[in-house]
Each structure stands twice: as C-alpha cells, then as structure tokens.
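This is my_file.csv (CSV, C-alpha atoms and all ligand atoms).
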```csv
chain,number,residue,atom,x,y,z
N,27,MET,CA,0.0,0.0,0.0
N,28,SER,CA,1.1,3.5,-0.6
N,29,ILE,CA,1.4,4.7,2.9
N,30,GLN,CA,3.1,7.3,4.9
N,31,THR,CA,5.0,4.9,7.1
N,32,LYS,CA,5.6,5.0,10.8
N,33,MET,CA,9.2,5.5,10.3
N,34,ASN,CA,9.5,8.0,7.5
N,35,GLU,CA,8.3,9.1,4.2
N,36,SER,CA,9.7,7.8,0.9
N,37,GLN,CA,12.3,9.9,-0.8
N,38,PRO,CA,11.7,11.1,-4.4
N,39,PRO,CA,13.4,9.0,-7.1
N,40,ARG,CA,17.0,10.0,-7.8
N,41,ALA,CA,18.3,10.9,-11.2
N,42,ASN,CA,21.2,9.2,-13.1
N,43,THR,CA,20.7,5.7,-11.6
N,44,THR,CA,22.5,3.3,-13.9
N,45,GLN,CA,21.0,-0.3,-14.0
N,46,THR,CA,22.2,-3.4,-15.6
N,47,ASP,CA,20.8,-7.0,-15.4
N,48,GLU,CA,23.6,-7.9,-13.1
N,49,GLN,CA,22.8,-5.0,-10.9
N,50,HIS,CA,19.1,-6.0,-10.6
N,51,LYS,CA,19.8,-9.1,-8.4
N,52,TYR,CA,18.0,-9.3,-5.1
N,53,ALA,CA,20.2,-9.0,-2.1
N,54,ALA,CA,18.2,-10.6,0.7
N,55,THR,CA,14.8,-11.5,1.9
N,56,PHE,CA,13.5,-10.4,5.3
N,57,HIS,CA,10.3,-11.2,7.1
N,58,SER,CA,8.3,-8.4,8.6
N,59,PRO,CA,5.3,-8.5,10.9
N,60,ALA,CA,2.0,-7.4,9.4
N,61,ASN,CA,-0.9,-5.3,10.4
N,62,GLU,CA,-4.0,-7.2,9.4
N,63,ARG,CA,-6.7,-4.9,10.8
N,64,THR,CA,-9.6,-3.7,8.7
N,65,VAL,CA,-10.0,0.0,7.9
N,66,ILE,CA,-13.1,1.5,9.5
N,67,VAL,CA,-14.6,4.9,10.3
N,68,ASN,CA,-12.9,6.6,13.2
N,69,ASN,CA,-15.8,7.1,15.6
N,70,GLU,CA,-16.5,10.0,17.9
N,71,ALA,CA,-15.9,7.8,21.0
N,72,ASN,CA,-12.3,7.4,20.0
N,73,ALA,CA,-11.8,11.2,19.8
N,74,LEU,CA,-13.5,11.7,23.1
N,75,GLN,CA,-11.3,9.1,24.8
N,76,PHE,CA,-8.2,10.7,23.3
N,77,LYS,CA,-9.3,14.1,24.5
N,78,ALA,CA,-9.9,12.8,28.0
N,79,TYR,CA,-6.4,11.2,27.9
N,80,LEU,CA,-4.8,14.4,26.8
N,81,SER,CA,-6.6,16.3,29.5
N,82,GLN,CA,-5.4,13.9,32.2
N,83,GLN,CA,-1.8,14.1,30.9
N,84,PHE,CA,-1.9,17.9,30.6
N,85,ASN,CA,-3.1,18.3,34.2
N,86,GLU,CA,-0.4,16.0,35.4
N,87,ILE,CA,2.3,18.0,33.5
N,88,THR,CA,1.0,21.4,34.6
N,89,HIS,CA,0.5,20.4,38.2
N,90,HIS,CA,3.7,18.4,38.7
N,91,PRO,CA,6.2,20.0,36.3
N,92,GLU,CA,9.2,18.8,38.2
N,93,ALA,CA,8.0,15.2,38.7
N,94,ASP,CA,10.8,12.6,38.2
N,95,HIS,CA,8.9,10.5,35.6
N,96,TYR,CA,10.1,12.8,32.8
N,97,VAL,CA,13.2,10.7,32.3
N,98,GLU,CA,14.9,10.3,29.0
N,99,SER,CA,13.6,7.4,27.1
N,100,LEU,CA,15.6,4.2,27.6
N,101,PHE,CA,15.2,3.2,24.0
N,102,GLU,CA,18.4,3.0,22.1
N,103,VAL,CA,18.7,6.1,19.9
N,104,TYR,CA,19.8,5.3,16.4
N,105,SER,CA,21.5,8.0,14.5
N,106,GLN,CA,20.4,6.9,11.1
N,107,ALA,CA,21.7,8.1,7.8
N,108,PRO,CA,19.0,9.3,5.4
N,109,ASP,CA,19.3,6.2,3.2
N,110,THR,CA,19.1,3.9,6.2
N,111,LYS,CA,16.0,5.8,7.4
N,112,THR,CA,14.4,5.4,4.0
N,113,LEU,CA,15.0,1.7,3.9
N,114,LEU,CA,13.7,1.2,7.4
N,115,GLY,CA,10.6,3.2,6.4
N,116,HIS,CA,10.1,0.9,3.4
N,117,PHE,CA,10.3,-2.1,5.8
N,118,CYS,CA,7.6,-0.7,8.0
N,119,ARG,CA,5.5,0.1,5.0
N,120,THR,CA,5.5,-3.5,4.1
N,121,CYS,CA,4.3,-4.3,7.6
N,122,GLY,CA,1.7,-1.6,7.7
N,123,GLY,CA,2.1,-0.7,11.3
N,124,HIS,CA,1.6,-3.9,13.4
N,125,CYS,CA,3.1,-2.1,16.4
N,126,CYS,CA,0.6,0.7,16.1
N,127,THR,CA,-2.2,-1.6,17.0
N,128,GLN,CA,-1.1,-1.4,20.7
N,129,ALA,CA,-1.5,2.4,21.0
N,130,GLY,CA,-5.3,2.7,21.2
N,131,ASN,CA,-6.6,6.2,22.0
N,132,THR,CA,-3.3,7.3,23.7
N,133,ALA,CA,-1.0,7.1,20.6
N,134,PHE,CA,1.8,6.2,23.1
N,135,LEU,CA,1.9,9.9,24.1
N,136,ASP,CA,3.5,9.5,27.5
N,137,LEU,CA,4.3,12.4,29.9
N,138,THR,CA,7.8,12.7,28.7
N,139,SER,CA,6.8,13.1,25.0
N,140,LEU,CA,3.9,15.5,25.7
N,141,LYS,CA,6.0,17.6,28.1
N,142,GLY,CA,8.6,18.0,25.4
N,143,ILE,CA,6.0,19.0,22.8
N,144,ILE,CA,4.3,21.4,25.2
N,145,GLU,CA,7.5,23.2,26.0
N,146,LYS,CA,8.8,23.3,22.5
N,147,LEU,CA,5.6,24.8,21.1
N,148,ASN,CA,5.0,27.0,24.2
N,149,ILE,CA,1.5,25.5,24.7
N,150,THR,CA,-0.3,27.1,27.6
N,151,SER,CA,-3.8,25.6,27.5
N,152,LEU,CA,-5.4,22.2,27.1
N,153,GLN,CA,-7.5,23.6,24.2
N,154,GLN,CA,-4.3,24.5,22.3
N,155,LEU,CA,-3.0,21.0,22.8
N,156,GLU,CA,-6.3,19.4,21.7
N,157,ARG,CA,-6.5,21.6,18.6
N,158,LEU,CA,-2.9,20.7,17.7
N,159,TYR,CA,-3.6,16.9,17.8
N,160,CYS,CA,-7.2,16.5,16.9
N,161,CYS,CA,-6.9,18.1,13.4
N,162,TYR,CA,-4.8,15.0,12.5
N,163,ILE,CA,-7.3,12.4,13.5
N,164,PRO,CA,-8.1,10.6,10.2
N,165,THR,CA,-11.6,9.9,9.1
N,166,LEU,CA,-10.7,6.2,8.5
N,167,HIS,CA,-8.4,4.2,10.7
N,168,TYR,CA,-7.5,0.6,11.4
N,169,GLN,CA,-10.0,-1.0,13.7
N,170,ASN,CA,-8.8,-1.5,17.2
N,171,SER,CA,-5.6,0.3,16.5
N,172,CYS,CA,-4.2,3.7,17.2
N,173,ILE,CA,-6.6,6.6,16.7
N,174,PHE,CA,-4.0,8.1,14.3
N,175,HIS,CA,-3.4,4.8,12.4
N,176,GLY,CA,-4.9,5.9,9.1
N,177,LYS,CA,-5.5,4.0,5.9
N,178,HIS,CA,-2.2,5.3,4.5
N,179,GLY,CA,-0.2,5.0,7.7
N,180,CYS,CA,0.4,7.3,10.6
N,181,SER,CA,-1.5,10.6,10.2
N,182,LEU,CA,0.7,12.5,12.7
N,183,PRO,CA,3.8,14.3,11.6
N,184,ASN,CA,7.0,12.9,13.2
N,185,TRP,CA,7.4,15.9,15.4
N,186,LEU,CA,4.0,15.3,17.1
N,187,ARG,CA,4.6,11.5,17.6
N,188,SER,CA,5.7,10.1,20.9
N,189,GLU,CA,9.2,9.1,21.8
N,190,THR,CA,8.1,5.5,21.5
N,191,CYS,CA,6.7,6.0,18.0
N,192,ASN,CA,9.8,7.7,16.8
N,193,ARG,CA,12.3,5.3,18.3
N,194,PHE,CA,10.7,1.9,18.5
N,195,MET,CA,12.0,-0.9,16.5
N,196,CYS,CA,10.4,-4.3,16.6
N,197,SER,CA,12.8,-7.3,16.6
N,198,GLU,CA,12.3,-7.9,12.9
N,199,LEU,CA,13.1,-4.2,12.1
N,200,ASN,CA,16.0,-4.4,14.4
N,201,TYR,CA,17.3,-7.5,12.6
N,202,PHE,CA,17.0,-5.7,9.3
N,203,TYR,CA,18.7,-2.6,10.7
N,204,HIS,CA,21.7,-4.5,11.9
N,205,HIS,CA,21.9,-6.3,8.5
N,206,LEU,CA,22.0,-2.9,6.8
N,207,GLN,CA,24.8,-1.8,9.1
N,208,GLN,CA,26.9,-4.7,7.9
N,209,SER,CA,25.9,-4.6,4.3
N,210,ASP,CA,27.2,-1.5,2.5
N,211,HIS,CA,26.0,-2.8,-0.8
N,212,LEU,CA,22.4,-2.4,0.2
N,213,LEU,CA,23.0,1.3,0.7
N,214,THR,CA,25.0,2.1,-2.4
N,215,GLN,CA,21.8,2.2,-4.5
N,216,ARG,CA,23.0,4.7,-7.0
N,217,ALA,CA,25.7,2.4,-8.2
N,218,SER,CA,24.6,-1.2,-7.5
N,219,TYR,CA,20.8,-1.0,-7.3
N,220,THR,CA,20.7,-4.1,-5.2
N,221,LYS,CA,17.2,-4.6,-3.7
N,222,VAL,CA,15.6,-5.9,-0.6
N,223,ILE,CA,12.6,-8.2,-0.4
N,224,ALA,CA,10.4,-7.9,2.6
N,225,LYS,CA,7.6,-10.4,3.2
N,226,SER,CA,5.0,-10.1,5.9
N,227,ASP,CA,4.7,-13.2,7.9
N,228,THR,CA,1.6,-13.8,10.0
N,229,THR,CA,-0.4,-16.6,11.6
N,230,LYS,CA,-3.4,-15.7,9.4
N,231,HIS,CA,-1.3,-16.3,6.3
N,232,THR,CA,-1.9,-12.8,4.9
N,233,TYR,CA,1.1,-11.8,3.0
N,234,ARG,CA,2.5,-8.7,1.5
N,235,VAL,CA,5.7,-8.9,-0.5
N,236,SER,CA,7.6,-5.8,-1.4
N,237,VAL,CA,10.8,-5.2,-3.3
N,238,PHE,CA,12.6,-2.0,-2.5
N,239,SER,CA,15.7,0.0,-2.7
N,240,VAL,CA,16.4,3.5,-1.4
N,241,ASP,CA,15.0,4.9,-4.7
N,242,GLU,CA,11.9,2.8,-5.1
N,243,TYR,CA,9.3,0.7,-3.4
N,244,GLN,CA,7.2,-1.9,-5.2
N,245,GLU,CA,4.6,-4.1,-3.7
N,246,LEU,CA,4.4,-7.4,-5.6
N,247,ARG,CA,1.4,-9.2,-4.1
N,248,LEU,CA,-1.2,-8.7,-1.5
N,249,GLY,CA,-3.4,-11.7,-0.7
N,250,THR,CA,-4.0,-14.8,1.4
N,251,SER,CA,-2.1,-18.0,1.0
N,252,ASN,CA,-3.9,-21.4,0.8
N,301,LIG,S1,8.5,-1.4,13.8
N,301,LIG,FE1,8.0,-3.5,13.3
N,301,LIG,S2,5.9,-3.8,13.9
N,301,LIG,FE2,6.3,-1.6,13.8
N,301,LIG,S3,5.7,-0.9,11.7
N,301,LIG,FE3,7.9,-1.3,11.7
N,301,LIG,S4,8.1,-3.5,11.0
N,301,LIG,FE4,6.0,-3.1,11.7
N,302,LIG,S1,0.9,7.8,16.6
N,302,LIG,FE1,-0.2,5.9,16.4
N,302,LIG,S2,-0.2,5.5,14.2
N,302,LIG,FE2,1.3,7.0,14.6
N,302,LIG,S3,3.3,5.8,14.8
N,302,LIG,FE3,2.4,6.2,16.8
N,302,LIG,S4,1.2,4.3,17.3
N,302,LIG,FE4,1.5,4.4,15.0
```

Kindly transcribe the structure held in the file into structure tokens.
Amino acid sequence: MSIQTKMNESQPPRANTTQTDEQHKYAATFHSPANERTVIVNNEANALQFKAYLSQQFNEITHHPEADHYVESLFEVYSQAPDTKTLLGHFCRTCGGHCCTQAGNTAFLDLTSLKGIIEKLNITSLQQLERLYCCYIPTLHYQNSCIFHGKHGCSLPNWLRSETCNRFMCSELNYFYHHLQQSDHLLTQRASYTKVIAKSDTTKHTYRVSVFSVDEYQELRLGTSN
C-alpha cells in the first residue's frame, strides 16, 4: 500500500541511476510483521477518549512539572543516515504498522513526550494541545488500532509523535537494521541498485511482498495463502 510509514516518508526517485541485469539481483529477503486490521470509520468515541487522555496528561504535567517521571527514554537512539531511514521506512511500509495496534486512543503519548512538545511549542492551555492533535485524527483508521493509524499510515507528523513511536524498532526491524549496518552494498543504491525483499509473515497467512531499494518501493502481491 502507498502509505506514509511509521518511520518516515519515501524519498523522491533519484536521477542518473544506472541499472544493468547484473545490478538487478536481489540481495536478501526479510520477514516483517503485518498489520491485518480492517479499515473502519474513526468514531467519535475514540476522539472523546483521546481528549480525555490528553486532559489527564496535561493536568499532570502542569500540576507536577518537576516530577521525576520525565526521564529520558531508555530506548536506544539510532542515528540513522537518510538512506538507512528510507530503507527502514520501506520495511515498516510492508508491515503496515503492526506495532501501532497497541496504541489505542493514547497514541503512546506519554508524559515525557507530551511535556517536550508542550515546552517546544510553548503551549499554555489544554485547548491548544487538543486543537494541535485533533486536526490530525483521520476519518478512516484501522479497527482496534491507534486513533492516528490511518489507511495510509500514521497521520501524525513525526514531530508530534511520541518518543516511543519515533524510536521503537520491533525485533524484525532491528534485525533488518543490523543487517543494513553490515551490508554496505544495500545502501549504495546509486551504483549497485541491489534490492531488498520484505515479506510479511503472519499466523493468518496474509502476505504482502515488497521489493525496494532506497530509490523505489514496489509491492508485488497482497493476498491470502492457501
Ligand atoms: S517497527 Fe516493526 S511492527 Fe512496527 S511498523 Fe515497523 S516493522 Fe511493523
Ligand atoms: S501515533 Fe499511532 S499510528 Fe502514529 S506511529 Fe504512533 S502508534 Fe503508530
């Protein structure tokens, strides 16, 4: 699917890419998780629950600004090169946001994340915070998933997402990431054009196969195995 991925957006194609038959070989196949939820209308109850959650978090932050739960995230921070970020984004695009299904109507917006956003944008009222987020609630979203998990991926810009959303890597993505770190040829797309195959792998046998490089993303099949 053509989605704005959890991790990042696709880069525009680059010019002057030279391709030969030899250069079109596939480098490796990786299995990703898969979001198998159905897309439904995002109902008002979700929005109300999200607003109630925001209110609760905002009150906590404004009444206890020095509380010690605003610790730095313990997630490992990856300093990713732009090409690496693009490839990780393509991997998540194949998955479709399986990890987002755990976020419900909180979007993983913990106190640390919200406090950072409130301070950065100099937000002084709950109404301001609500307006900022609620305009991004998509009309359609995946059933029983994050309120912002829209048909085409996350509807929030990266700078409004939680620390968890911006840093989390599932074990499959982590495996792919470490493979990239050790495989320079996957990143020299301009010259070698080597591709990656990602295949979603689920108990329900829904599969989604994509072939991608830094410069392009192609979904080959989307269906159900026998
Ligand atoms: S981090 Fe993992 S589960 Fe989440 S979208 Fe990416 S591949 Fe899917
Ligand atoms: S805000 Fe929701 S949809 Fe967006 S990345 Fe986080 S969990 Fe996924």

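Of the residues under consideration (N:Glu198, N:Glu92, N:Glu145, N:Glu189), N:Glu189 shows the shortest atom-to-atom contact distance to ligand LIG 302 (chain N) when counting all atoms listed in the file.
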
Please write out the residues within 6 Å of ligand LIG 302 (chain N) as a ChimeraX atom specification, counting only C-alpha atoms and all ligand atoms. /N:32,126,129,133,172,174-175,180,182,187,191

Identify, counting only C-alpha atoms and all ligand atoms, the protein, DNA and RNA residues located within 8 Å of ligand LIG 301 (chain N), and give them as a list in words.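 Checking only C-alpha atoms and all ligand atoms against ligand LIG 301 (chain N) at 8 Å gives Thr31, Lys32, Met33, Ser58, Pro59, Ala60, Asn61, Leu114, Gly115, Phe117, Cys118, Arg119, Thr120, Cys121, Gly122, Gly123, His124, Cys125, Cys126, Phe194, Met195, Cys196, Ser197, Glu198 and Leu199 of chain N.
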
How big is the axis-aligned box, and where does its centre sit, when it encloses all atoms of segment 86-91 of chain N listed in the file and has 4 Å added on every side, reported in Å to one decimal as lines of an AutoDock Vina configuration file?
```
center_x = 2.9
center_y = 18.7
center_z = 36.1
size_x = 14.6
size_y = 13.4
size_z = 13.2
```

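Comparing the minimum interatomic distances between Glu70 of chain N and each of N:Tyr201, N:Leu186, N:Glu242, N:Asn131, counting only C-alpha atoms, we find that N:Asn131 sits nearest.
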
Counting only C-alpha atoms, which of N:Lys77, N:His89, N:Arg193, N:Arg234 gets nearest to Leu155 of chain N? N:Lys77
